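Colleague: Mind having a look at this structure? Questions to follow.
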Amino acid sequence: MKQILVVLDDSAAALRAAQLAIDLAAALGSGLTLVTVVEDHVLDARLRAAAIPEAAERRLQGATTMLSRMTARAVLHGLRTHQQILSGPGVERVLAAAAECAADLIVIGQDPSPVNVPHLLEFTDRPVLVVPGD
């Protein structure tokens with residue numbers, strides 16, 4: 001297994017998935033790609049309508065911080081990493097990222113947002129490890 005892609009959000013399951021992916025990549029000598037999907041055009045429009053214009057910027061800052069922290073953990077294990085913030089339909093963007101990095105495995109928490117796990121499982125052509133919530 002040469003490359004593992006892990007999908008992150010701020011849920012406990014996603015953070016457990018990231019740690020599991022880091023441990024697995026370290027054990028196998030794999031590369032690790034960390035991705036998160038931050039832009040949801042419908043949600044952004046609703047937040048702007050509710051007079052919360054800075055919400056999208058805060059989401060981006062949170063995603064950047066989360067990716068940086070997980071990358072730092074991976075580097076401590078001697079892993080080569082790549083991180084990417086994705087925008088658009090979650091499943092489509094994750095599948096495109098997996099194809100782009102030639103991921104041999106996708107690791108994802110059970111309830112990430114805005115990536116729908118059942119849809120990811122339906123449309124992917126590669127193995128997916130789903131890490132449960134609690």
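Ordering of the structure tokens sets the chain letters (A, B, ...); residue numbers start at 1 within each chain; ligands are numbered from 1 in the order shown.
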Quick one: residues within 7 Å of A:His77, only C-alpha atoms, excluding same-chain residues fewer than 3 positions away - as a list in words?

Modeller: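 Using only C-alpha atoms, the neighbours found are Ala26, Arg73 and Ala74 of chain A.
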
Colleague: Please build the interface table for stretch 78-110 of chain A against stretch 13-25 of chain A with a cut-off of 7 Å, listing for each qualifying residue the nearest atom pair and the distance in Å to one decimal; count only C-alpha atoms, order rows by chain and increasing number, and write it as a Markdown table.

Modeller:
```
| residue | atom | partner | partner_atom | distance |
| --- | --- | --- | --- | --- |
| A:Val107 | CA | A:Ala17 | CA | 6.2 |
| A:Ile108 | CA | A:Ala17 | CA | 5.8 |
| A:Gly109 | CA | A:Ala14 | CA | 4.2 |
| A:Gln110 | CA | A:Ala13 | CA | 6.2 |
```

Colleague: Could you give me, as a count of residues only, the residues within 10 Å of A:Val91, counting only C-alpha atoms and dropping anything in the same chain fewer than 3 positions from it?

Modeller: 16

Colleague: Figure out the distance between atom CA of A:Asp10 and atom CA of A:Val130, please, to one decimal in Å.

Modeller: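 Going from atom CA of A:Val130 over to atom CA of A:Asp10 covers 15.6 Å.
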
Colleague: Name the residues of chain A that fall into helix (DSSP H, G or I) according to DSSP on the backbone, using the chain letters and numbers of this document, as a count of residues only.

Modeller: 66

Colleague: What lies within 8 Å of stretch 61-64 of chain A using only C-alpha atoms, ignoring chain neighbours under 4 positions off, as a list in words?

Modeller: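 That gives Asp9, Thr36, Val38, Glu57, Ser68 and Ile85 of chain A.
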
Colleague: Calculate how many Å separate atom CA of A:Leu5 from atom CA of A:Ala72, rounding to one decimal.

Modeller: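 So the two atoms, atom CA of A:Leu5 and atom CA of A:Ala72, lie 15.9 Å apart.
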